[in-house]
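File shown: model_39.csv (CSV, C-alpha atoms).
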```
chain,number,residue,atom,x,y,z
Q,1188,MET,CA,19.5,15.1,64.4
Q,1189,SER,CA,18.3,12.3,62.2
Q,1190,LEU,CA,19.1,12.1,58.5
Q,1191,THR,CA,15.4,12.6,57.8
Q,1192,SER,CA,15.3,16.0,59.6
Q,1193,CYS,CA,13.9,18.7,57.3
Q,1194,LYS,CA,16.4,21.4,58.3
Q,1195,PRO,CA,20.1,20.7,58.4
Q,1196,ALA,CA,22.2,21.7,61.3
Q,1197,THR,CA,24.6,24.7,60.9
Q,1198,ASP,CA,27.7,25.5,63.0
Q,1199,THR,CA,27.4,29.3,63.2
Q,1200,THR,CA,31.0,29.7,64.4
Q,1201,ASP,CA,34.1,28.5,62.5
Q,1202,ILE,CA,35.3,25.1,63.5
Q,1203,LYS,CA,39.0,25.4,64.4
Q,1204,PRO,CA,41.7,23.1,63.1
Q,1205,VAL,CA,43.9,21.4,65.7
Q,1206,VAL,CA,46.9,21.6,63.3
Q,1207,ILE,CA,47.9,24.0,60.5
Q,1208,THR,CA,50.8,22.8,58.4
Q,1209,GLN,CA,53.9,24.7,57.5
Q,1210,ALA,CA,53.4,26.8,54.4
Q,1211,VAL,CA,54.3,25.7,50.9
Q,1212,LYS,CA,56.1,28.0,48.5
Q,1213,TYR,CA,53.3,29.1,46.1
Q,1214,ASP,CA,49.7,27.9,46.3
Q,1215,THR,CA,48.1,24.9,48.1
Q,1216,ASP,CA,45.4,23.2,46.2
Q,1217,ASP,CA,44.5,19.6,47.1
Q,1218,PRO,CA,45.6,17.0,49.8
Q,1219,ALA,CA,45.4,13.2,50.2
Q,1220,ILE,CA,45.9,11.2,53.4
Q,1221,TRP,CA,48.1,8.1,53.3
Q,1222,VAL,CA,47.4,5.8,56.3
Q,1223,ASN,CA,50.4,3.9,57.5
Q,1224,LYS,CA,48.7,0.6,58.3
Q,1225,THR,CA,51.5,-0.7,60.5
Q,1226,ASP,CA,52.0,2.5,62.5
Q,1227,PRO,CA,49.1,4.9,62.0
Q,1228,ALA,CA,50.9,7.7,63.9
Q,1229,LYS,CA,53.3,7.8,61.0
Q,1230,SER,CA,50.7,8.4,58.4
Q,1231,LEU,CA,51.3,11.2,55.9
Q,1232,ILE,CA,49.5,14.0,54.2
Q,1233,ILE,CA,50.5,14.6,50.5
Q,1234,GLY,CA,49.5,18.1,49.2
Q,1235,THR,CA,50.0,19.9,45.9
Q,1236,ASP,CA,51.7,23.2,45.5
Q,1237,LYS,CA,50.1,24.5,42.3
Q,1238,ASP,CA,52.7,26.5,40.2
Q,1239,ALA,CA,54.7,26.1,37.1
Q,1240,ASP,CA,57.6,25.4,39.5
Q,1241,GLY,CA,55.3,23.3,41.7
Q,1242,ALA,CA,55.7,20.4,44.0
Q,1243,LEU,CA,54.1,17.6,46.0
Q,1244,TYR,CA,54.7,18.3,49.6
Q,1245,VAL,CA,54.6,15.6,52.3
Q,1246,PHE,CA,53.6,16.4,55.9
Q,1247,ASP,CA,53.5,14.4,59.1
Q,1248,LEU,CA,50.5,14.5,61.4
Q,1249,GLN,CA,52.0,17.5,63.3
Q,1250,GLY,CA,51.9,19.5,60.0
Q,1251,LYS,CA,55.7,19.5,59.6
Q,1252,ILE,CA,57.1,19.2,56.1
Q,1253,ILE,CA,59.2,16.0,55.5
Q,1254,GLU,CA,61.8,17.6,53.3
Q,1255,ASP,CA,63.4,14.3,52.0
Q,1256,LYS,CA,60.0,13.2,50.6
Q,1257,VAL,CA,59.0,16.4,48.8
Q,1258,VAL,CA,58.8,16.1,45.0
Q,1259,ARG,CA,59.9,19.3,43.4
Q,1260,GLY,CA,60.0,20.5,39.8
Q,1261,LEU,CA,56.5,19.6,38.8
Q,1262,LYS,CA,54.7,21.7,36.2
Q,1263,ARG,CA,51.5,23.0,38.0
Q,1264,PRO,CA,50.4,19.9,39.9
Q,1265,ASN,CA,46.7,20.4,40.5
Q,1266,ASN,CA,44.9,17.6,42.4
Q,1267,VAL,CA,46.3,14.4,44.1
Q,1268,ASP,CA,44.9,11.1,45.1
Q,1269,LEU,CA,46.3,7.8,46.4
Q,1270,ALA,CA,45.5,4.1,46.5
Q,1271,TYR,CA,46.8,1.0,48.2
Q,1272,GLY,CA,48.2,-2.1,46.7
Q,1273,LEU,CA,48.7,-1.7,42.9
Q,1274,MET,CA,50.8,-4.7,41.8
Q,1275,LEU,CA,54.2,-3.4,40.5
Q,1276,ASN,CA,57.1,-5.8,40.1
Q,1277,GLY,CA,54.9,-8.5,41.6
Q,1278,LYS,CA,54.5,-6.6,44.9
Q,1279,PRO,CA,51.5,-4.6,46.2
Q,1280,THR,CA,52.6,-0.9,46.0
Q,1281,ASP,CA,50.8,2.1,47.5
Q,1282,ILE,CA,50.8,5.0,45.0
Q,1283,ALA,CA,50.1,8.7,44.9
Q,1284,ILE,CA,49.0,10.3,41.6
Q,1285,THR,CA,49.0,13.9,40.7
Q,1286,THR,CA,47.8,15.8,37.6
Q,1287,GLU,CA,50.5,17.9,36.0
Q,1288,ARG,CA,48.5,20.5,34.1
Q,1289,ILE,CA,51.1,22.1,31.9
Q,1290,THR,CA,52.6,18.8,30.5
Q,1291,HIS,CA,49.1,17.0,30.3
Q,1292,LYS,CA,50.6,14.1,32.2
Q,1293,LEU,CA,49.8,12.0,35.3
Q,1294,ARG,CA,52.7,11.8,37.6
Q,1295,ILE,CA,52.8,8.7,39.9
Q,1296,TYR,CA,54.9,8.0,42.9
Q,1297,SER,CA,55.3,5.0,45.3
Q,1298,LEU,CA,54.4,5.5,48.9
Q,1299,PRO,CA,55.8,6.2,51.4
Q,1300,ASP,CA,59.1,6.8,49.7
Q,1301,MET,CA,57.7,9.1,47.0
Q,1302,LYS,CA,59.8,7.6,44.2
Q,1303,PRO,CA,58.6,7.9,40.6
Q,1304,VAL,CA,57.0,4.9,39.0
Q,1305,ASP,CA,55.8,6.5,35.8
Q,1306,LYS,CA,58.8,6.9,33.5
Q,1307,GLY,CA,58.5,10.6,33.6
Q,1308,GLY,CA,54.7,10.8,33.3
Q,1309,ILE,CA,51.8,9.3,31.4
Q,1310,ASP,CA,50.1,11.4,28.7
Q,1311,MET,CA,46.4,12.0,29.2
Q,1312,PHE,CA,43.5,13.0,26.8
Q,1313,VAL,CA,45.6,12.1,23.8
Q,1314,GLY,CA,44.1,13.4,20.6
Q,1315,GLU,CA,42.0,16.1,22.1
Q,1316,ASN,CA,42.6,19.6,20.6
Q,1317,GLY,CA,39.9,21.8,22.1
Q,1318,TYR,CA,40.9,24.9,24.2
Q,1319,GLU,CA,42.2,23.6,27.6
Q,1320,TYR,CA,40.9,20.1,26.7
Q,1321,ARG,CA,44.2,18.5,27.8
Q,1322,ASP,CA,44.9,20.8,30.8
Q,1323,LEU,CA,44.6,18.3,33.7
Q,1324,MET,CA,42.7,19.1,36.9
Q,1325,GLY,CA,40.9,16.5,38.9
Q,1326,ILE,CA,42.1,12.9,39.8
Q,1327,SER,CA,40.6,10.1,41.8
Q,1328,ILE,CA,41.4,6.4,42.0
Q,1329,TYR,CA,38.8,3.7,41.9
Q,1330,THR,CA,39.8,0.3,43.4
Q,1331,ALA,CA,37.2,-2.2,42.3
Q,1332,LYS,CA,36.2,-5.2,44.4
Q,1333,ASP,CA,38.1,-7.5,41.9
Q,1334,GLY,CA,41.3,-5.5,42.6
Q,1335,LYS,CA,41.4,-3.6,39.3
Q,1336,MET,CA,42.5,0.0,39.8
Q,1337,TYR,CA,41.4,2.9,37.7
Q,1338,ALA,CA,42.4,6.6,37.4
Q,1339,ILE,CA,39.4,8.9,37.0
Q,1340,VAL,CA,40.8,12.1,35.3
Q,1341,GLY,CA,39.3,15.5,34.7
Q,1342,ARG,CA,40.5,18.6,32.9
Q,1343,LYS,CA,40.0,22.4,32.7
Q,1344,ASN,CA,37.6,22.2,29.8
Q,1345,GLY,CA,35.7,19.6,27.8
Q,1346,PRO,CA,32.5,18.7,25.9
Q,1347,LYS,CA,29.1,19.4,27.4
Q,1348,THR,CA,27.4,16.3,25.9
Q,1349,GLY,CA,29.4,13.6,27.7
Q,1350,GLY,CA,33.0,12.6,27.8
Q,1351,TYR,CA,34.4,15.3,30.0
Q,1352,ILE,CA,35.9,12.6,32.4
Q,1353,TRP,CA,38.2,9.9,31.1
Q,1354,GLN,CA,38.8,6.6,33.0
Q,1355,TYR,CA,42.0,4.6,32.7
Q,1356,LEU,CA,42.9,1.1,33.9
Q,1357,LEU,CA,46.2,1.1,35.7
Q,1358,GLY,CA,48.7,-1.7,35.6
Q,1359,ASP,CA,52.4,-2.7,35.4
Q,1360,ASP,CA,54.0,-1.9,32.1
Q,1361,GLY,CA,56.4,-4.9,32.5
Q,1362,THR,CA,59.2,-2.8,34.0
Q,1363,GLY,CA,57.7,-2.1,37.4
Q,1364,ASN,CA,56.3,1.2,36.2
Q,1365,VAL,CA,52.7,2.2,35.8
Q,1366,LYS,CA,50.8,2.1,32.5
Q,1367,ALA,CA,47.4,3.6,31.9
Q,1368,THR,CA,44.9,2.1,29.4
Q,1369,LEU,CA,41.8,4.2,28.4
Q,1370,VAL,CA,38.6,2.3,29.1
Q,1371,ARG,CA,35.8,5.0,29.2
Q,1372,LYS,CA,34.8,8.5,28.4
Q,1373,PHE,CA,31.8,9.8,30.3
Q,1374,GLY,CA,30.3,12.7,32.3
Q,1375,GLU,CA,28.1,15.6,31.5
Q,1376,TYR,CA,29.2,19.2,31.9
Q,1377,SER,CA,27.1,22.4,32.3
Q,1378,GLY,CA,29.7,24.7,30.6
Q,1379,LYS,CA,29.3,27.2,33.4
Q,1380,LYS,CA,32.8,27.0,34.8
Q,1381,GLU,CA,34.8,23.8,35.1
Q,1382,ILE,CA,35.0,20.4,36.7
Q,1383,GLU,CA,37.9,19.9,39.2
Q,1384,SER,CA,37.1,17.8,42.2
Q,1385,ILE,CA,36.5,14.1,41.7
Q,1386,ALA,CA,35.8,11.5,44.5
Q,1387,VAL,CA,35.2,7.8,44.3
Q,1388,ASP,CA,33.3,5.6,46.8
Q,1389,ASN,CA,35.1,2.2,46.4
Q,1390,GLU,CA,32.7,0.2,48.5
Q,1391,LEU,CA,29.5,1.4,46.9
Q,1392,GLY,CA,31.1,1.8,43.4
Q,1393,TYR,CA,30.2,5.5,42.7
Q,1394,ILE,CA,32.1,8.4,41.2
Q,1395,TYR,CA,31.2,12.0,42.2
Q,1396,TYR,CA,32.4,15.2,40.7
Q,1397,SER,CA,31.8,18.9,41.2
Q,1398,ASP,CA,30.4,20.7,38.2
Q,1399,GLU,CA,31.3,24.1,39.6
Q,1400,GLN,CA,28.3,26.5,40.2
Q,1401,VAL,CA,25.8,23.8,39.3
Q,1402,GLY,CA,26.0,20.7,41.6
Q,1403,VAL,CA,27.6,17.3,42.3
Q,1404,ARG,CA,27.1,14.7,39.7
Q,1405,GLN,CA,27.0,10.9,40.4
Q,1406,TYR,CA,27.9,8.0,38.1
Q,1407,TYR,CA,28.8,4.3,38.4
Q,1408,ALA,CA,32.5,3.7,38.8
Q,1409,ASP,CA,32.4,0.3,37.0
Q,1410,PRO,CA,32.7,1.0,33.3
Q,1411,GLU,CA,30.5,-2.0,32.6
Q,1412,LYS,CA,27.5,-0.4,34.3
Q,1413,GLY,CA,27.2,2.3,31.7
Q,1414,ASP,CA,27.4,6.1,31.6
Q,1415,LYS,CA,24.0,7.2,32.8
Q,1416,GLN,CA,24.1,10.0,35.4
Q,1417,LEU,CA,22.5,8.6,38.6
Q,1418,SER,CA,21.9,11.9,40.4
Q,1419,MET,CA,22.9,15.5,40.8
Q,1420,PHE,CA,22.7,17.1,44.3
Q,1421,GLY,CA,23.8,20.2,46.1
Q,1422,THR,CA,22.1,22.3,43.4
Q,1423,THR,CA,21.0,25.1,45.8
Q,1424,GLY,CA,22.4,27.0,48.7
Q,1425,PHE,CA,26.0,27.2,47.5
Q,1426,ALA,CA,27.6,30.7,47.7
Q,1427,ALA,CA,29.8,30.1,44.6
Q,1428,ASP,CA,31.9,27.2,43.4
Q,1429,HIS,CA,31.3,23.5,44.3
Q,1430,GLU,CA,34.8,22.3,45.1
Q,1431,GLY,CA,36.5,19.5,47.1
Q,1432,ILE,CA,34.5,16.3,47.8
Q,1433,SER,CA,35.4,13.9,50.6
Q,1434,ILE,CA,33.6,10.8,51.9
Q,1435,TYR,CA,33.5,9.9,55.6
Q,1436,LYS,CA,32.6,6.2,56.0
Q,1437,LEU,CA,30.7,5.0,59.1
Q,1438,THR,CA,30.2,1.5,57.6
Q,1439,ASP,CA,30.7,0.0,54.1
Q,1440,SER,CA,27.5,1.6,53.0
Q,1441,THR,CA,26.7,4.6,55.4
Q,1442,GLY,CA,28.4,7.9,56.1
Q,1443,TYR,CA,28.7,11.4,54.8
Q,1444,ILE,CA,29.7,13.3,51.6
Q,1445,LEU,CA,31.4,16.6,52.4
Q,1446,VAL,CA,31.5,19.2,49.6
Q,1447,SER,CA,33.4,22.5,49.8
Q,1448,ASP,CA,31.2,25.6,49.4
Q,1449,GLN,CA,34.3,27.5,48.5
Q,1450,GLY,CA,32.9,31.1,48.4
Q,1451,ALA,CA,31.4,30.7,51.9
Q,1452,ASN,CA,34.3,29.0,53.7
Q,1453,ARG,CA,32.2,26.1,54.7
Q,1454,PHE,CA,31.4,22.4,53.9
Q,1455,GLN,CA,27.9,21.2,53.0
Q,1456,ILE,CA,27.6,17.7,54.3
Q,1457,PHE,CA,25.2,15.2,52.7
Q,1458,SER,CA,24.1,11.6,53.5
Q,1459,ARG,CA,26.3,9.1,51.8
Q,1460,GLU,CA,23.4,6.6,51.5
Q,1461,GLY,CA,20.0,7.1,50.0
Q,1462,THR,CA,16.8,5.2,50.8
Q,1463,LYS,CA,15.3,2.0,49.4
Q,1464,GLN,CA,12.9,4.1,47.4
Q,1465,LYS,CA,15.5,6.7,46.3
Q,1466,PRO,CA,18.9,5.0,46.4
Q,1467,PHE,CA,20.7,8.0,44.8
Q,1468,GLU,CA,19.2,10.7,47.0
Q,1469,HIS,CA,21.8,12.5,49.1
Q,1470,LYS,CA,20.1,14.8,51.7
Q,1471,LEU,CA,21.8,17.8,53.2
Q,1472,VAL,CA,22.4,17.0,56.9
Q,1473,LYS,CA,24.8,19.7,58.1
Q,1474,VAL,CA,26.6,22.9,57.1
Q,1475,ALA,CA,30.0,23.2,58.8
Q,1476,ASN,CA,31.8,26.5,58.8
Q,1477,VAL,CA,35.6,26.1,58.9
Q,1478,ALA,CA,38.5,28.3,59.6
Q,1479,ALA,CA,40.2,27.4,56.3
Q,1480,ARG,CA,39.7,30.0,53.6
Q,1481,GLU,CA,38.3,29.3,50.1
Q,1482,SER,CA,39.0,25.6,50.2
Q,1483,ASP,CA,39.6,23.8,46.9
Q,1484,GLY,CA,40.6,20.3,48.0
Q,1485,SER,CA,40.1,18.1,51.0
Q,1486,ASP,CA,40.4,14.5,52.2
Q,1487,VAL,CA,39.1,12.5,55.1
Q,1488,VAL,CA,39.8,9.1,56.8
Q,1489,ASN,CA,37.7,7.4,59.5
Q,1490,VAL,CA,40.5,5.4,61.3
Q,1491,PRO,CA,42.2,6.4,64.6
Q,1492,LEU,CA,45.7,7.7,63.8
Q,1493,ASN,CA,47.1,9.0,67.1
Q,1494,ASP,CA,46.0,10.6,70.4
Q,1495,THR,CA,44.9,13.8,68.5
Q,1496,PHE,CA,42.9,12.1,65.8
Q,1497,LYS,CA,41.1,9.3,67.5
Q,1498,HIS,CA,38.1,9.1,65.2
Q,1499,GLY,CA,39.5,10.2,61.9
Q,1500,LEU,CA,41.2,13.2,60.2
Q,1501,PHE,CA,39.7,15.8,57.9
Q,1502,VAL,CA,42.3,17.7,55.9
Q,1503,VAL,CA,41.4,21.0,54.1
Q,1504,MET,CA,43.3,23.3,51.8
Q,1505,SER,CA,43.4,27.0,52.8
Q,1506,THR,CA,44.5,29.9,50.6
Q,1507,ASP,CA,47.2,31.0,53.1
Q,1508,LYS,CA,49.5,28.3,51.5
Q,1509,THR,CA,48.7,25.8,54.2
Q,1510,PHE,CA,46.5,22.7,54.9
Q,1511,HIS,CA,44.3,22.6,58.0
Q,1512,TYR,CA,43.8,19.4,60.0
Q,1513,TYR,CA,40.5,18.9,61.8
Q,1514,ARG,CA,39.4,16.2,64.2
Q,1515,TRP,CA,36.3,14.4,62.8
Q,1516,GLU,CA,34.5,14.7,66.1
Q,1517,ASP,CA,34.8,18.5,65.8
Q,1518,ILE,CA,33.3,18.5,62.3
Q,1519,ALA,CA,30.6,16.1,63.5
Q,1520,GLY,CA,29.7,18.0,66.6
Q,1521,LYS,CA,26.3,16.9,68.1
Q,1522,ASP,CA,24.7,16.4,64.7
Q,1523,LEU,CA,26.7,13.7,62.9
Q,1524,LYS,CA,27.8,10.3,63.9
Q,1525,VAL,CA,31.4,9.3,64.8
Q,1526,LYS,CA,32.9,6.0,63.9
```
Same coordinates, now as structure tokens:
Amino acid sequence: MSLTSCKPATDTTDIKPVVITQAVKYDTDDPAIWVNKTDPAKSLIIGTDKDADGALYVFDLQGKIIEDKVVRGLKRPNNVDLAYGLMLNGKPTDIAITTERITHKLRIYSLPDMKPVDKGGIDMFVGENGYEYRDLMGISIYTAKDGKMYAIVGRKNGPKTGGYIWQYLLGDDGTGNVKATLVRKFGEYSGKKEIESIAVDNELGYIYYSDEQVGVRQYYADPEKGDKQLSMFGTTGFAADHEGISIYKLTDSTGYILVSDQGANRFQIFSREGTKQKPFEHKLVKVANVAARESDGSDVVNVPLNDTFKHGLFVVMSTDKTFHYYRWEDIAGKDLKVK
């Protein structure tokens, strides 16, 4: 199937995971994949357990919980993302960031040791007083080509006219901990439900987020490029909520955007690239039914990790308190390309 085909392919049977993780205590919500660049087989999955007595769980590629890395005592951690090489204490440091909804704070941990580097948390949406305007939800990290790193942060509720999403520049506070400086407020909101899932395409410089029950909105990630919405796609054919967004990269500019169609237990997969005439057009190229139930969050990488995941790994949250691991080639089938 070509990307210009009129009718997207559909897997009529559920694609099965090759690994299902051990269960968390309360409620899985969102995963992130940390690739161990020196030994990919020792890569990690970090996943949220969304409860007032919540946690960040850490799993190996076999789905086993690594107990000595689990961060407990978090106040409803919602989404999680990670990035490579933030300069702390003069050293490039990989970090995982989760949104702690009840305290209105970002919580940040160094990888792979999962040690806090946030002095107990960083306050978000300071000064906001609307109902649920400070209740953190989505998080994604944008690493610009100049090395600057930004947290893109969402919340349970916000204004409809722009400014639902806030963008913070991350840096060292002088003590080896992370500080966050507000640089931008942007992003439209339909008011229909909420905005949770946020994803960033570092190479192309775009931010995507799911306006649930409406579609996926696209903006520039560089705050200097302005706050104009570039596109909105996935506006038809979703059973209920638009949820987790993941980007599988074939090259620096091509690949696929996977969006959870939560109510239908499937992912709608769009072209990452547009055309020369329509650079922000993302065509639906496949619908993939999965065994995971009512998935909120997901993540995907395109690198070989071990003998099981030779072409990348797609991790999906499921409502049975687990995360499901899929081989990319199983998601791709005969319809999509494999790196």
Check: What residues have an atom no more than 8 Å from (30.1, 17.6, 46.5) in the file's own frame, counting only C-alpha atoms, and can you write them as a count of residues only?
Finding: 18
Item checked: Nearest to Q:Glu1383, chosen from Q:Arg1342, Q:Lys1465, Q:Lys1332, Q:Lys1347, with all atoms listed in the file counted in the distances -> Q:Arg1342
Check: atom CA of Q:Trp1515 to atom CA of Q:Asp1201: how many Å, to one decimal?
Finding: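 Answer for the atom CA of Q:Trp1515 to atom CA of Q:Asp1201 separation: 14.3 Å.
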Checklist line | Point-to-point distance from atom CA of Q:Val1245 to atom CA of Q:Gly1442, Å rounded to tenths | finding: 27.6 Å
Item checked: Interatomic distance, atom CA of Q:Pro1303 to atom CA of Q:Lys1224 (Å, one decimal) ->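 Spanning atom CA of Q:Pro1303 to atom CA of Q:Lys1224 is a straight-line distance of 21.6 Å.
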Margin query: I need the residue nearest Q:Tyr1393 from this list: Q:Asp1333, Q:Glu1381, Q:Asp1281, Q:Asp1409. Use all atoms listed in the file for the distance.
Written below: Q:Asp1409
Next item on the list: With a distance cut-off of 7 Å and only C-alpha atoms, select the neighbouring residues of Q:Tyr1512, excluding the residue or stretch itself and same-chain residues fewer than 4 positions from it, and output the selection as number ranges by chain.
Entry: Q: 1204-1207, 1500-1503
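Minimum distance to Q:Thr1495 across Q:Asp1360, Q:Glu1399, Q:Asp1448, Q:Asp1517 (counting only C-alpha atoms) occurs at Q:Asp1517.
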Item checked: Of the listed residues Q:Arg1480, Q:Lys1251, Q:Lys1292, Q:Lys1343, that which approaches Q:Asp1305 most closely, counting all atoms listed in the file -> Q:Lys1292
Note to self: Given all atoms listed in the file as the basis, pick out the residue of Q:Gly1250, Q:Gly1374, Q:Gly1307, Q:Gly1349 nearest to Q:Thr1509.
What the structure shows: Q:Gly1250
Note to self: Need the shell around Q:Leu1248: protein/DNA/RNA residues with any atom at most 8 Å away, counting only C-alpha atoms. Skip same-chain ones fewer than 6 positions apart. Format as a PyMOL selection string?
What the structure shows: chain Q and resi 1228-1232
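For the point (59.0, 15.2, 49.7) in file coordinates, the residues within 9 Å, using all atoms listed in the file, are Ile1233, Ala1242, Leu1243, Tyr1244, Val1245, Phe1246, Ile1252, Ile1253, Glu1254, Asp1255, Lys1256, Val1257, Val1258, Arg1259, Asp1300 and Met1301 of chain Q.
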Notebook entry, point to check: Pick the closest to Q:Asp1198 from Q:Ile1456, Q:Leu1492, Q:Ala1210, Q:Val1487: which is it, counting all atoms listed in the file?
Noted result: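 Counting all atoms listed in the file, the residue closest to Q:Asp1198 is Q:Ile1456.
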Margin query: Can you tell me which residues surround Q:Val1477 at a distance of at most 10 Å, considering only C-alpha atoms, apart from same-chain residues fewer than 2 positions away, and format the answer as a list in words?
Written below: Asp1198, Thr1199, Thr1200, Asp1201, Ile1202, Lys1203, Pro1204, Ala1451, Asn1452, Arg1453, Phe1454, Val1474, Ala1475, Ala1479, Arg1480, Glu1481, Ser1482, Val1503, Ser1505, His1511, Tyr1513 and Ile1518 of chain Q
Kindly export the residues of the current selection with C-alpha atoms, as a PDB file, in the coordinates of the input.
```pdb
ATOM      1  CA  ASP Q1198      27.700  25.500  63.000  1.00  0.00           C
ATOM      2  CA  THR Q1199      27.400  29.300  63.200  1.00  0.00           C
ATOM      3  CA  THR Q1200      31.000  29.700  64.400  1.00  0.00           C
ATOM      4  CA  ASP Q1201      34.100  28.500  62.500  1.00  0.00           C
ATOM      5  CA  ILE Q1202      35.300  25.100  63.500  1.00  0.00           C
ATOM      6  CA  LYS Q1203      39.000  25.400  64.400  1.00  0.00           C
ATOM      7  CA  PRO Q1204      41.700  23.100  63.100  1.00  0.00           C
ATOM      8  CA  ALA Q1451      31.400  30.700  51.900  1.00  0.00           C
ATOM      9  CA  ASN Q1452      34.300  29.000  53.700  1.00  0.00           C
ATOM     10  CA  ARG Q1453      32.200  26.100  54.700  1.00  0.00           C
ATOM     11  CA  PHE Q1454      31.400  22.400  53.900  1.00  0.00           C
ATOM     12  CA  VAL Q1474      26.600  22.900  57.100  1.00  0.00           C
ATOM     13  CA  ALA Q1475      30.000  23.200  58.800  1.00  0.00           C
ATOM     14  CA  ALA Q1479      40.200  27.400  56.300  1.00  0.00           C
ATOM     15  CA  ARG Q1480      39.700  30.000  53.600  1.00  0.00           C
ATOM     16  CA  GLU Q1481      38.300  29.300  50.100  1.00  0.00           C
ATOM     17  CA  SER Q1482      39.000  25.600  50.200  1.00  0.00           C
ATOM     18  CA  VAL Q1503      41.400  21.000  54.100  1.00  0.00           C
ATOM     19  CA  SER Q1505      43.400  27.000  52.800  1.00  0.00           C
ATOM     20  CA  HIS Q1511      44.300  22.600  58.000  1.00  0.00           C
ATOM     21  CA  TYR Q1513      40.500  18.900  61.800  1.00  0.00           C
ATOM     22  CA  ILE Q1518      33.300  18.500  62.300  1.00  0.00           C
TER      23      ILE Q1518
END
```
Around stretch 1408-1417 of chain Q, with edges along x, y and z and 3 Å added on all six sides, what centre and edge lengths do you get, in Å to one decimal, as lines of an AutoDock Vina configuration file?
```
center_x = 27.6
center_y = 4.0
center_z = 35.2
size_x = 16.2
size_y = 18.0
size_z = 13.2
```
Check: Can you list, as an MDAnalysis selection string, every protein, DNA or RNA residue that comes within 7 Å of Q:Val1370 when you count only C-alpha atoms, leaving out same-chain residues fewer than 3 positions away?
Finding: chainID Q and resid 1354:1356
Using the selection just defined, write its residues with C-alpha atoms as a CSV table (one decimal), keeping the file's coordinate frame.
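See selection_24.csv below for the written result:
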```
chain,number,residue,atom,x,y,z
Q,1354,GLN,CA,38.8,6.6,33.0
Q,1355,TYR,CA,42.0,4.6,32.7
Q,1356,LEU,CA,42.9,1.1,33.9
```
Margin query: Give me the residues near Q:Ile1282 as a list of chain:residue names, where near means some atom within 6 Å (using all atoms listed in the file) and where sequence neighbours in that chain fewer than 2 positions away do not count.
Written below: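 The contact residues come out as Q:Leu1269, Q:Ala1270, Q:Tyr1296, Q:Ser1297, Q:Leu1298.
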Expected file contents, prior selection, C-alpha atoms, as a tab-separated table (two decimals), in the coordinates of the input:
```
chain	number	residue	atom	x	y	z
Q	1269	LEU	CA	46.30	7.80	46.40
Q	1270	ALA	CA	45.50	4.10	46.50
Q	1296	TYR	CA	54.90	8.00	42.90
Q	1297	SER	CA	55.30	5.00	45.30
Q	1298	LEU	CA	54.40	5.50	48.90
```
